[in-house]
Amino acid sequence: MLDLAFVRENLDVVKQKMSERGLPDSLADFENIDRERRKYLVEAEGFKARRNKLSEEIAGLKRQRQDASALIIESRQLGDRVQELEVKAQAYDSQLQDLLRQIPNIPHPSVPVGRSADDNREVRRWGEPRRFDFEPKAHWDLGPALGILDFERAAKITGARFAVYTGVGARLERALANFMLDLHTREHGYTEVLPPFIVNSASLFGTGNLPKFAGDLFKLEGADYWLIPTAEVPVTNLYRDEVLEAENLPVKLCAWTACFRSEAGAYGKDTRGIIRQHQFQKVELVKFALPENSYDELESLTRNAEMVLQRLGLPYRVVTLSTADMGFSSAKTYDIEVWLPSSNSYREISSCSNFEAFQARRANLRLRRGGKGRTEFLHTLNGSGLAVGRTWLAVIENYQQADGSVVVPEALRPYLDGLEKISRP
RNA sequence: GGAGAGGUGGCCGAGUGGCUUAAGGCGGCGGUUUGCUAAACCGUUGUACGGUCAAAAGCUGUACCCAGGGUUCGAAUCCCUGCCUCUCCGCCA
């Protein structure tokens, strides 16, 4: 959420930035609503001030056991008037809040202005895609053939866009998660968090998923409980409504969780394999940073995520998302894309964003410098480090052999009792 | 799931309809005293949305005692609903 005063004073800039994101102009009535709201607010508050004074006078008269009935009648009439005005003021206020909540974050000046994902800008590449001397297979063929991945039984017990991992397949998923968590906690200075996989709607509002993107989420029936679409939601909300000391920043947290997404609107996209599932595992990196450092923190967070791929020897590239492709709450996003032989292209495996104060304002996440002075909103960042399921398939596809077996990357062998190769049992 | 007790400022804690603009204390900040530190003493203290102002400061209004409704001229206080915490019982990995 943007600051109301900022939007009021920079309405043209905000409209311009929304149009750069490819969004329609929803702020045509903003000035009018804002003006009407204040008009009724001022009027209502004036009547309230008079009523408060009258109440004091009534109290004084009653204490002296004198008649106050005239004042009481006048005060009652004031009350009626106040109620009328407040209803109007509140109607305009909720319209204004709705408008404010629909405004996405302002992209950072370094973000390329574009019309689609085609305008994303490549920042760097690491590693060389392997040249195969045979026709590489996709993981949805390799996995079932190796007996480590089962779509048919997943469809039976649950439905489409779910998978069952079996034997070494399940162990590989667990090994990857542990490898990532160990890397980030031991070498990158993150503290591990294991949060609930279910959150309330206030948390989803804090990160910007609600109210606008309810359709992307799974909601539990009969309760204000939702399955998390990413660990970003519970972890960013850990310090909601709290004030952090500046000297303790940045706070760097990492969390392994399952993630649940309805993938509504993704019909026909990535229907084969495990690229796009309703449930997947992810290791998430989250930072709470000082505003003046947040872009440096974004660079280091992205590097921390890249390190996973480097250790696993998986080729990748980093792109800056254009204004048209970036998320609602983000001011700048780097996507890390891993090389996938099955699609002969780079595919997203991590998304690293600086939200500046956008989430902090919604979640009331503040900092105080030196234990004194005014509080300010801190900056939040997060990124996948990495999506475990997509890493799983990247390993399977990139390390496949002509005979259908898969070589285990060296970095993972300690997590698999030294296993060097996954073969048909 | 059942029964009971609670939720008050950064923290502790008083407060059963109007001299409460929330007592008192702790902490924080500023000051006085002082070789230094400590102590003592004095003062001060939050958030949001508005108004005034070119702007800031200042001044000023409204709201905020878990949340949302209600009663009342007037609510921290009374009523209803929800959420959360604690104690006991039951159930459970």
# chains A, B, ... in the order shown; residues from 1 in each chain; ligands from 1
call {"tool": "residues_around", "arguments": {"residues": "B:G10", "least_positions_apart": "2", "cutoff": "10 Å", "atoms": "only C-alpha atoms (C1' of nucleotides)", "output": "short mmCIF file (atom, residue, chain, number, x, y, z; two decimals) with N, CA and C atoms (P, O5', C5', C4', C3', O3' and C1' of nucleotides), in the first residue's frame"}}
result
data_model
loop_
_atom_site.label_atom_id
_atom_site.label_comp_id
_atom_site.auth_asym_id
_atom_site.auth_seq_id
_atom_site.Cartn_x
_atom_site.Cartn_y
_atom_site.Cartn_z
N VAL A 243 7.73 -3.01 16.37
CA VAL A 243 8.78 -2.03 16.09
C VAL A 243 10.12 -2.70 16.31
N GLY A 371 16.63 3.48 19.64
CA GLY A 371 15.67 3.40 20.73
C GLY A 371 14.90 4.68 20.97
P G B 27 13.92 2.80 35.98
"O5'" G B 27 13.75 2.66 34.40
"C5'" G B 27 14.15 1.47 33.74
"C4'" G B 27 13.71 1.50 32.29
"C3'" G B 27 14.20 2.68 31.48
"O3'" G B 27 15.54 2.52 31.03
"C1'" G B 27 11.90 2.36 31.07
P G B 28 16.49 3.81 30.87
"O5'" G B 28 15.80 4.57 29.66
"C5'" G B 28 15.78 3.96 28.37
"C4'" G B 28 15.06 4.86 27.39
"C3'" G B 28 15.56 6.30 27.34
"O3'" G B 28 16.71 6.42 26.52
"C1'" G B 28 13.20 6.29 27.47
P G B 46 4.96 11.49 22.69
"O5'" G B 46 4.44 10.13 22.07
"C5'" G B 46 5.26 8.97 22.13
"C4'" G B 46 4.47 7.79 21.66
"C3'" G B 46 3.74 8.00 20.35
"O3'" G B 46 4.59 7.82 19.23
"C1'" G B 46 2.27 7.03 21.91
#
call {"tool": "closest_atom_pairs", "arguments": {"of": "stretch 19-114 of chain A", "to": "stretch 12-26 of chain B", "cutoff": "12 Å", "atoms": "only C-alpha atoms (C1' of nucleotides)", "output": "CSV"}}
result
residue,atom,partner,partner_atom,distance
A:Asn52,CA,B:G18,C1',11.3
A:Lys53,CA,B:G18,C1',11.9
A:Leu54,CA,B:G18,C1',11.3
A:Ser55,CA,B:G18,C1',7.8
A:Glu56,CA,B:G18,C1',7.3
A:Glu57,CA,B:G18,C1',9.5
A:Ile58,CA,B:G18,C1',8.0
A:Ala59,CA,B:G18,C1',4.8
A:Gly60,CA,B:G18,C1',7.9
A:Leu61,CA,B:G18,C1',10.0
A:Lys62,CA,B:G18,C1',8.3
A:Arg63,CA,B:G18,C1',8.3
A:Gln64,CA,B:C19,C1',11.8
call {"tool": "write_last_selection", "arguments": {"atoms": "C-alpha atoms", "output": "short mmCIF file (atom, residue, chain, number, x, y, z; two decimals), in the first residue's frame"}}
result
data_model
loop_
_atom_site.label_atom_id
_atom_site.label_comp_id
_atom_site.auth_asym_id
_atom_site.auth_seq_id
_atom_site.Cartn_x
_atom_site.Cartn_y
_atom_site.Cartn_z
CA ASN A 52 -17.86 16.78 23.88
CA LYS A 53 -18.01 20.29 25.34
CA LEU A 54 -21.72 19.92 26.04
CA SER A 55 -21.11 16.61 27.81
CA GLU A 56 -18.66 18.32 30.11
CA GLU A 57 -21.20 21.02 30.90
CA ILE A 58 -23.87 18.41 31.56
CA ALA A 59 -21.53 16.61 33.91
CA GLY A 60 -20.82 19.86 35.73
CA LEU A 61 -24.51 20.65 36.15
CA LYS A 62 -25.30 17.14 37.34
CA ARG A 63 -22.56 17.35 39.92
CA GLN A 64 -24.18 20.50 41.27
#
call {"tool": "residues_around", "arguments": {"residues": "stretch 77-81 of chain A", "least_positions_apart": "2", "cutoff": "12 Å", "atoms": "only C-alpha atoms (C1' of nucleotides)", "output": "list in words"}}
result
Tyr40, Glu43, Ala44, Glu45, Gly46, Phe47, Lys48, Ala49, Arg50, Arg51, Asn52, Lys53, Leu54, Ser55, Ala70, Leu71, Ile72, Ile73, Glu74, Ser75, Gln83, Glu84, Leu85, Glu86, Val87 and Lys88 of chain A; U72, C73 and G74 of chain B
call {"tool": "write_last_selection", "arguments": {"atoms": "C-alpha atoms (C1' of nucleotides)", "output": "short mmCIF file (atom, residue, chain, number, x, y, z; two decimals), in the first residue's frame"}}
result
data_model
loop_
_atom_site.label_atom_id
_atom_site.label_comp_id
_atom_site.auth_asym_id
_atom_site.auth_seq_id
_atom_site.Cartn_x
_atom_site.Cartn_y
_atom_site.Cartn_z
CA TYR A 40 -17.61 15.37 5.78
CA GLU A 43 -17.90 18.74 9.55
CA ALA A 44 -18.50 15.63 11.67
CA GLU A 45 -15.50 16.36 13.86
CA GLY A 46 -16.69 19.89 14.45
CA PHE A 47 -20.04 18.62 15.73
CA LYS A 48 -18.29 16.04 17.85
CA ALA A 49 -16.13 18.72 19.43
CA ARG A 50 -19.27 20.66 20.37
CA ARG A 51 -20.91 17.54 21.73
CA ASN A 52 -17.86 16.78 23.88
CA LYS A 53 -18.01 20.29 25.34
CA LEU A 54 -21.72 19.92 26.04
CA SER A 55 -21.11 16.61 27.81
CA ALA A 70 -32.00 21.52 27.81
CA LEU A 71 -28.37 20.66 27.17
CA ILE A 72 -29.18 16.98 26.92
CA ILE A 73 -31.75 17.66 24.21
CA GLU A 74 -29.28 19.80 22.30
CA SER A 75 -26.58 17.17 22.65
CA GLN A 83 -24.22 10.10 12.85
CA GLU A 84 -25.50 11.30 9.47
CA LEU A 85 -22.20 12.95 8.64
CA GLU A 86 -20.15 9.99 9.79
CA VAL A 87 -22.08 7.60 7.58
CA LYS A 88 -21.22 9.81 4.61
"C1'" U B 72 -26.53 6.48 26.57
"C1'" C B 73 -26.65 13.52 26.38
"C1'" G B 74 -21.92 10.99 27.77
#
call {"tool": "closest_residue", "arguments": {"among": "A:Val113, A:Ala202, A:Val42, A:Ala231", "to": "chain B", "atoms": "only C-alpha atoms (C1' of nucleotides)"}}
result
A:Val42
call {"tool": "select_by_dssp", "arguments": {"residues": "stretch 190-308 of chain A", "states": "strand (DSSP E)", "output": "VMD selection string"}}
result
chain A and resid 191 to 193 198 to 199 226 to 227 243 to 245 251 to 260 279 to 289
call {"tool": "residues_around", "arguments": {"residues": "A:Ala138", "least_positions_apart": "2", "cutoff": "8 Å", "atoms": "only C-alpha atoms (C1' of nucleotides)", "output": "VMD selection string"}}
result
chain A and resid 136 140 to 142 341 to 342 397
call {"tool": "write_last_selection", "arguments": {"atoms": "N, CA and C atoms", "output": "short mmCIF file (atom, residue, chain, number, x, y, z; two decimals), in the first residue's frame"}}
result
data_model
loop_
_atom_site.label_atom_id
_atom_site.label_comp_id
_atom_site.auth_asym_id
_atom_site.auth_seq_id
_atom_site.Cartn_x
_atom_site.Cartn_y
_atom_site.Cartn_z
N PRO A 136 17.73 -35.53 -25.00
CA PRO A 136 17.38 -35.51 -23.57
C PRO A 136 15.88 -35.64 -23.38
N TRP A 140 9.08 -35.58 -16.75
CA TRP A 140 7.83 -36.35 -16.62
C TRP A 140 7.93 -37.71 -17.29
N ASP A 141 8.97 -37.89 -18.11
CA ASP A 141 9.25 -39.22 -18.62
C ASP A 141 10.30 -39.93 -17.77
N LEU A 142 11.35 -39.19 -17.41
CA LEU A 142 12.45 -39.77 -16.62
C LEU A 142 11.96 -40.23 -15.26
N PRO A 341 16.58 -28.61 -20.13
CA PRO A 341 16.72 -29.25 -21.45
C PRO A 341 15.37 -29.58 -22.08
N SER A 342 14.36 -29.91 -21.27
CA SER A 342 13.08 -30.33 -21.86
C SER A 342 12.40 -29.19 -22.59
N GLU A 397 16.72 -33.43 -15.05
CA GLU A 397 16.87 -33.23 -16.49
C GLU A 397 18.30 -32.93 -16.90
#
call {"tool": "residues_around", "arguments": {"residues": "B:C66", "least_positions_apart": "2", "cutoff": "8 Å", "atoms": "only C-alpha atoms (C1' of nucleotides)", "output": "JSON, numbers by chain"}}
result
{"B": [7, 83, 84]}
call {"tool": "write_last_selection", "arguments": {"atoms": "C-alpha atoms (C1' of nucleotides)", "output": "tab-separated table (two decimals), in the first residue's frame"}}
result
chain	number	residue	atom	x	y	z
B	7	G	C1'	-7.05	-8.87	27.44
B	83	C	C1'	-10.57	-13.32	18.28
B	84	C	C1'	-6.68	-14.34	21.59
call {"tool": "closest_residue", "arguments": {"among": "B:U62, B:A48, B:G31, B:A38", "to": "chain A", "atoms": "only C-alpha atoms (C1' of nucleotides)"}}
result
B:U62
call {"tool": "select_by_dssp", "arguments": {"residues": "stretch 147-355 of chain A", "states": "helix (DSSP H, G or I)", "output": "mmCIF file with N, CA and C atoms, in the first residue's frame"}}
result
data_model
loop_
_atom_site.group_PDB
_atom_site.id
_atom_site.type_symbol
_atom_site.label_atom_id
_atom_site.label_comp_id
_atom_site.auth_asym_id
_atom_site.auth_seq_id
_atom_site.Cartn_x
_atom_site.Cartn_y
_atom_site.Cartn_z
ATOM 1 N N PHE A 151 2.439 -39.648 -11.260
ATOM 2 C CA PHE A 151 1.336 -38.712 -11.469
ATOM 3 C C PHE A 151 -0.016 -39.410 -11.407
ATOM 4 N N GLU A 152 -0.051 -40.658 -11.856
ATOM 5 C CA GLU A 152 -1.343 -41.333 -11.967
ATOM 6 C C GLU A 152 -1.969 -41.581 -10.606
ATOM 7 N N ARG A 153 -1.135 -42.036 -9.665
ATOM 8 C CA ARG A 153 -1.703 -42.284 -8.339
ATOM 9 C C ARG A 153 -2.023 -40.964 -7.629
ATOM 10 N N ALA A 154 -1.238 -39.911 -7.934
ATOM 11 C CA ALA A 154 -1.540 -38.590 -7.358
ATOM 12 C C ALA A 154 -2.900 -38.113 -7.841
ATOM 13 N N ALA A 155 -3.187 -38.345 -9.125
ATOM 14 C CA ALA A 155 -4.480 -37.943 -9.678
ATOM 15 C C ALA A 155 -5.600 -38.745 -9.024
ATOM 16 N N LYS A 156 -5.299 -40.011 -8.715
ATOM 17 C CA LYS A 156 -6.316 -40.855 -8.084
ATOM 18 C C LYS A 156 -6.630 -40.378 -6.665
ATOM 19 N N ILE A 157 -5.594 -40.148 -5.883
ATOM 20 C CA ILE A 157 -5.857 -39.815 -4.475
ATOM 21 C C ILE A 157 -6.248 -38.351 -4.285
ATOM 22 N N VAL A 168 13.791 -42.881 -3.806
ATOM 23 C CA VAL A 168 14.862 -41.893 -3.960
ATOM 24 C C VAL A 168 14.289 -40.537 -4.374
ATOM 25 N N GLY A 169 13.155 -40.558 -5.073
ATOM 26 C CA GLY A 169 12.521 -39.300 -5.476
ATOM 27 C C GLY A 169 12.148 -38.462 -4.269
ATOM 28 N N ALA A 170 11.521 -39.098 -3.279
ATOM 29 C CA ALA A 170 11.154 -38.388 -2.061
ATOM 30 C C ALA A 170 12.401 -37.947 -1.308
ATOM 31 N N ARG A 171 13.386 -38.818 -1.286
ATOM 32 C CA ARG A 171 14.620 -38.484 -0.567
ATOM 33 C C ARG A 171 15.358 -37.332 -1.235
ATOM 34 N N LEU A 172 15.335 -37.296 -2.561
ATOM 35 C CA LEU A 172 16.004 -36.223 -3.286
ATOM 36 C C LEU A 172 15.365 -34.873 -2.941
ATOM 37 N N GLU A 173 14.053 -34.834 -2.862
ATOM 38 C CA GLU A 173 13.353 -33.604 -2.488
ATOM 39 C C GLU A 173 13.808 -33.142 -1.098
ATOM 40 N N ARG A 174 13.868 -34.110 -0.172
ATOM 41 C CA ARG A 174 14.265 -33.783 1.203
ATOM 42 C C ARG A 174 15.729 -33.354 1.245
ATOM 43 N N ALA A 175 16.563 -34.023 0.454
ATOM 44 C CA ALA A 175 17.986 -33.679 0.410
ATOM 45 C C ALA A 175 18.173 -32.250 -0.095
ATOM 46 N N LEU A 176 17.440 -31.904 -1.136
ATOM 47 C CA LEU A 176 17.553 -30.554 -1.694
ATOM 48 C C LEU A 176 17.155 -29.493 -0.671
ATOM 49 N N ALA A 177 16.053 -29.739 0.022
ATOM 50 C CA ALA A 177 15.596 -28.771 1.019
ATOM 51 C C ALA A 177 16.637 -28.608 2.118
ATOM 52 N N ASN A 178 17.178 -29.721 2.595
ATOM 53 C CA ASN A 178 18.176 -29.648 3.657
ATOM 54 C C ASN A 178 19.445 -28.953 3.178
ATOM 55 N N PHE A 179 19.852 -29.289 1.948
ATOM 56 C CA PHE A 179 21.041 -28.643 1.381
ATOM 57 C C PHE A 179 20.851 -27.123 1.326
ATOM 58 N N MET A 180 19.698 -26.684 0.873
ATOM 59 C CA MET A 180 19.440 -25.240 0.774
ATOM 60 C C MET A 180 19.433 -24.581 2.154
ATOM 61 N N LEU A 181 18.720 -25.208 3.092
ATOM 62 C CA LEU A 181 18.645 -24.630 4.436
ATOM 63 C C LEU A 181 20.024 -24.555 5.077
ATOM 64 N N ASP A 182 20.814 -25.599 4.910
ATOM 65 C CA ASP A 182 22.163 -25.601 5.495
ATOM 66 C C ASP A 182 23.018 -24.500 4.879
ATOM 67 N N LEU A 183 22.924 -24.353 3.557
ATOM 68 C CA LEU A 183 23.714 -23.319 2.885
ATOM 69 C C LEU A 183 23.367 -21.929 3.426
ATOM 70 N N HIS A 184 22.098 -21.641 3.508
ATOM 71 C CA HIS A 184 21.695 -20.284 3.897
ATOM 72 C C HIS A 184 21.921 -20.021 5.384
ATOM 73 N N THR A 185 21.738 -21.027 6.218
ATOM 74 C CA THR A 185 21.928 -20.788 7.651
ATOM 75 C C THR A 185 23.416 -20.820 8.024
ATOM 76 N N ARG A 186 24.185 -21.734 7.411
ATOM 77 C CA ARG A 186 25.591 -21.854 7.815
ATOM 78 C C ARG A 186 26.476 -20.831 7.130
ATOM 79 N N GLU A 187 26.206 -20.545 5.870
ATOM 80 C CA GLU A 187 27.138 -19.700 5.119
ATOM 81 C C GLU A 187 26.612 -18.305 4.837
ATOM 82 N N SER A 201 -6.459 -13.978 7.311
ATOM 83 C CA SER A 201 -6.520 -13.046 6.188
ATOM 84 C C SER A 201 -5.731 -11.768 6.461
ATOM 85 N N ALA A 202 -5.545 -11.399 7.727
ATOM 86 C CA ALA A 202 -4.757 -10.200 8.030
ATOM 87 C C ALA A 202 -3.325 -10.377 7.513
ATOM 88 N N SER A 203 -2.789 -11.587 7.635
ATOM 89 C CA SER A 203 -1.431 -11.841 7.148
ATOM 90 C C SER A 203 -1.375 -11.716 5.628
ATOM 91 N N LEU A 204 -2.382 -12.242 4.965
ATOM 92 C CA LEU A 204 -2.408 -12.173 3.499
ATOM 93 C C LEU A 204 -2.596 -10.739 3.021
ATOM 94 N N PHE A 205 -3.300 -9.944 3.805
ATOM 95 C CA PHE A 205 -3.410 -8.530 3.457
ATOM 96 C C PHE A 205 -2.043 -7.850 3.598
ATOM 97 N N GLY A 206 -1.326 -8.221 4.631
ATOM 98 C CA GLY A 206 -0.020 -7.603 4.897
ATOM 99 C C GLY A 206 0.962 -7.764 3.758
ATOM 100 N N THR A 207 0.967 -8.924 3.128
ATOM 101 C CA THR A 207 1.911 -9.150 2.033
ATOM 102 C C THR A 207 1.336 -8.723 0.689
ATOM 103 N N ALA A 214 -7.350 -13.124 -4.034
ATOM 104 C CA ALA A 214 -7.963 -14.216 -3.281
ATOM 105 C C ALA A 214 -8.132 -15.454 -4.165
ATOM 106 N N GLY A 215 -8.366 -15.238 -5.449
ATOM 107 C CA GLY A 215 -8.596 -16.353 -6.362
ATOM 108 C C GLY A 215 -7.399 -17.249 -6.569
ATOM 109 N N ASP A 216 -6.216 -16.784 -6.195
ATOM 110 C CA ASP A 216 -5.013 -17.608 -6.355
ATOM 111 C C ASP A 216 -4.802 -18.542 -5.172
ATOM 112 N N GLU A 232 6.677 -16.567 2.356
ATOM 113 C CA GLU A 232 6.723 -15.106 2.458
ATOM 114 C C GLU A 232 5.605 -14.593 3.364
ATOM 115 N N VAL A 233 4.430 -15.200 3.273
ATOM 116 C CA VAL A 233 3.279 -14.669 4.005
ATOM 117 C C VAL A 233 3.457 -14.818 5.521
ATOM 118 N N PRO A 234 3.622 -16.042 6.043
ATOM 119 C CA PRO A 234 3.794 -16.124 7.496
ATOM 120 C C PRO A 234 5.077 -15.449 7.986
ATOM 121 N N VAL A 235 6.162 -15.563 7.241
ATOM 122 C CA VAL A 235 7.438 -15.048 7.753
ATOM 123 C C VAL A 235 7.467 -13.519 7.736
ATOM 124 N N THR A 236 6.965 -12.899 6.668
ATOM 125 C CA THR A 236 6.934 -11.430 6.631
ATOM 126 C C THR A 236 6.038 -10.897 7.744
ATOM 127 N N ASN A 237 4.983 -11.647 8.065
ATOM 128 C CA ASN A 237 4.032 -11.191 9.078
ATOM 129 C C ASN A 237 4.464 -11.499 10.506
ATOM 130 N N LEU A 238 5.615 -12.167 10.656
ATOM 131 C CA LEU A 238 6.090 -12.487 12.006
ATOM 132 C C LEU A 238 6.123 -11.239 12.878
ATOM 133 N N TYR A 239 6.593 -10.142 12.318
ATOM 134 C CA TYR A 239 6.779 -8.924 13.107
ATOM 135 C C TYR A 239 5.707 -7.885 12.819
ATOM 136 N N ALA A 246 16.711 -0.521 14.918
ATOM 137 C CA ALA A 246 17.532 -0.382 13.711
ATOM 138 C C ALA A 246 18.823 -1.190 13.821
ATOM 139 N N GLU A 247 19.390 -1.254 15.022
ATOM 140 C CA GLU A 247 20.678 -1.946 15.170
ATOM 141 C C GLU A 247 20.548 -3.455 14.934
ATOM 142 N N ASN A 248 19.336 -3.980 15.014
ATOM 143 C CA ASN A 248 19.136 -5.417 14.772
ATOM 144 C C ASN A 248 18.870 -5.740 13.307
ATOM 145 N N PRO A 291 15.749 1.146 5.163
ATOM 146 C CA PRO A 291 15.400 1.669 3.831
ATOM 147 C C PRO A 291 16.628 2.015 2.991
ATOM 148 N N GLU A 292 17.654 2.591 3.619
ATOM 149 C CA GLU A 292 18.806 3.038 2.839
ATOM 150 C C GLU A 292 19.654 1.866 2.335
ATOM 151 N N ASN A 293 19.439 0.673 2.889
ATOM 152 C CA ASN A 293 20.252 -0.483 2.474
ATOM 153 C C ASN A 293 19.494 -1.492 1.640
ATOM 154 N N SER A 294 18.211 -1.263 1.388
ATOM 155 C CA SER A 294 17.395 -2.381 0.893
ATOM 156 C C SER A 294 17.824 -2.838 -0.504
ATOM 157 N N TYR A 295 18.321 -1.941 -1.333
ATOM 158 C CA TYR A 295 18.719 -2.395 -2.671
ATOM 159 C C TYR A 295 20.028 -3.171 -2.644
ATOM 160 N N ASP A 296 20.940 -2.840 -1.717
ATOM 161 C CA ASP A 296 22.117 -3.691 -1.515
ATOM 162 C C ASP A 296 21.691 -5.065 -1.006
ATOM 163 N N GLU A 297 20.695 -5.059 -0.118
ATOM 164 C CA GLU A 297 20.206 -6.333 0.429
ATOM 165 C C GLU A 297 19.547 -7.174 -0.654
ATOM 166 N N LEU A 298 18.906 -6.520 -1.613
ATOM 167 C CA LEU A 298 18.304 -7.267 -2.724
ATOM 168 C C LEU A 298 19.388 -7.957 -3.541
ATOM 169 N N GLU A 299 20.490 -7.247 -3.795
ATOM 170 C CA GLU A 299 21.595 -7.851 -4.560
ATOM 171 C C GLU A 299 22.142 -9.065 -3.825
ATOM 172 N N SER A 300 22.397 -8.929 -2.513
ATOM 173 C CA SER A 300 23.000 -10.051 -1.790
ATOM 174 C C SER A 300 22.010 -11.204 -1.653
ATOM 175 N N LEU A 301 20.748 -10.900 -1.471
ATOM 176 C CA LEU A 301 19.744 -11.966 -1.368
ATOM 177 C C LEU A 301 19.686 -12.765 -2.680
ATOM 178 N N THR A 302 19.730 -12.043 -3.790
ATOM 179 C CA THR A 302 19.704 -12.726 -5.095
ATOM 180 C C THR A 302 20.942 -13.610 -5.258
ATOM 181 N N ARG A 303 22.104 -13.081 -4.849
ATOM 182 C CA ARG A 303 23.354 -13.869 -4.929
ATOM 183 C C ARG A 303 23.257 -15.107 -4.043
ATOM 184 N N ASN A 304 22.644 -14.961 -2.875
ATOM 185 C CA ASN A 304 22.479 -16.109 -1.973
ATOM 186 C C ASN A 304 21.652 -17.201 -2.643
ATOM 187 N N ALA A 305 20.610 -16.798 -3.359
ATOM 188 C CA ALA A 305 19.772 -17.779 -4.051
ATOM 189 C C ALA A 305 20.540 -18.407 -5.211
ATOM 190 N N GLU A 306 21.285 -17.598 -5.957
ATOM 191 C CA GLU A 306 22.073 -18.116 -7.081
ATOM 192 C C GLU A 306 23.071 -19.175 -6.630
ATOM 193 N N MET A 307 23.604 -18.986 -5.406
ATOM 194 C CA MET A 307 24.637 -19.903 -4.929
ATOM 195 C C MET A 307 24.154 -21.348 -4.897
ATOM 196 N N VAL A 308 22.857 -21.535 -4.654
ATOM 197 C CA VAL A 308 22.317 -22.896 -4.650
ATOM 198 C C VAL A 308 22.554 -23.557 -6.011
ATOM 199 N N LEU A 309 22.258 -22.808 -7.066
ATOM 200 C CA LEU A 309 22.414 -23.357 -8.414
ATOM 201 C C LEU A 309 23.890 -23.564 -8.758
ATOM 202 N N GLN A 310 24.732 -22.637 -8.295
ATOM 203 C CA GLN A 310 26.167 -22.793 -8.570
ATOM 204 C C GLN A 310 26.706 -24.056 -7.916
ATOM 205 N N ARG A 311 26.313 -24.287 -6.661
ATOM 206 C CA ARG A 311 26.808 -25.479 -5.960
ATOM 207 C C ARG A 311 26.298 -26.763 -6.612
ATOM 208 N N LEU A 312 25.101 -26.658 -7.190
ATOM 209 C CA LEU A 312 24.523 -27.834 -7.835
ATOM 210 C C LEU A 312 24.982 -27.964 -9.281
#
call {"tool": "residues_around", "arguments": {"residues": "B:G70", "least_positions_apart": "4", "cutoff": "12 Å", "atoms": "only C-alpha atoms (C1' of nucleotides)", "output": "ChimeraX atom specification"}}
result
/B:75,78-81
call {"tool": "write_last_selection", "arguments": {"atoms": "N, CA and C atoms (P, O5', C5', C4', C3', O3' and C1' of nucleotides)", "output": "mmCIF file, in the first residue's frame"}}
result
data_model
loop_
_atom_site.group_PDB
_atom_site.id
_atom_site.type_symbol
_atom_site.label_atom_id
_atom_site.label_comp_id
_atom_site.auth_asym_id
_atom_site.auth_seq_id
_atom_site.Cartn_x
_atom_site.Cartn_y
_atom_site.Cartn_z
ATOM 1 P P A B 75 -19.842 7.774 24.923
ATOM 2 O "O5'" A B 75 -19.456 7.196 26.357
ATOM 3 C "C5'" A B 75 -18.277 7.614 27.031
ATOM 4 C "C4'" A B 75 -17.546 6.402 27.580
ATOM 5 C "C3'" A B 75 -16.951 5.492 26.510
ATOM 6 O "O3'" A B 75 -15.805 4.845 27.051
ATOM 7 C "C1'" A B 75 -18.541 4.291 27.718
ATOM 8 P P C B 78 -18.223 -3.158 32.949
ATOM 9 O "O5'" C B 78 -19.720 -2.916 32.442
ATOM 10 C "C5'" C B 78 -20.777 -2.732 33.371
ATOM 11 C "C4'" C B 78 -22.093 -2.683 32.637
ATOM 12 C "C3'" C B 78 -22.231 -3.678 31.485
ATOM 13 O "O3'" C B 78 -22.607 -4.957 31.947
ATOM 14 C "C1'" C B 78 -22.926 -1.536 30.757
ATOM 15 P P C B 79 -22.196 -6.275 31.155
ATOM 16 O "O5'" C B 79 -23.172 -6.242 29.902
ATOM 17 C "C5'" C B 79 -24.579 -6.392 30.061
ATOM 18 C "C4'" C B 79 -25.237 -6.372 28.704
ATOM 19 C "C3'" C B 79 -24.635 -7.330 27.681
ATOM 20 O "O3'" C B 79 -25.133 -8.644 27.835
ATOM 21 C "C1'" C B 79 -24.905 -5.198 26.691
ATOM 22 P P C B 80 -24.209 -9.882 27.395
ATOM 23 O "O5'" C B 80 -24.277 -9.823 25.801
ATOM 24 C "C5'" C B 80 -25.502 -10.047 25.120
ATOM 25 C "C4'" C B 80 -25.300 -9.898 23.636
ATOM 26 C "C3'" C B 80 -24.163 -10.733 23.046
ATOM 27 O "O3'" C B 80 -24.551 -12.073 22.812
ATOM 28 C "C1'" C B 80 -24.042 -8.519 22.210
ATOM 29 P P U B 81 -23.419 -13.229 22.875
ATOM 30 O "O5'" U B 81 -22.599 -13.016 21.527
ATOM 31 C "C5'" U B 81 -23.231 -13.207 20.263
ATOM 32 C "C4'" U B 81 -22.298 -12.786 19.150
ATOM 33 C "C3'" U B 81 -20.910 -13.404 19.173
ATOM 34 O "O3'" U B 81 -20.880 -14.718 18.643
ATOM 35 C "C1'" U B 81 -20.718 -11.080 18.795
#
call {"tool": "residues_around", "arguments": {"residues": "A:Ala5", "least_positions_apart": "5", "cutoff": "12 Å", "atoms": "only C-alpha atoms (C1' of nucleotides)", "output": "number ranges by chain"}}
result
A: 10-11, 14, 31, 34, 100; B: 49-50
call {"tool": "closest_residue", "arguments": {"among": "A:Met18, A:Leu146, A:Leu23, A:Leu365", "to": "A:Gln400", "atoms": "only C-alpha atoms"}}
result
A:Leu146
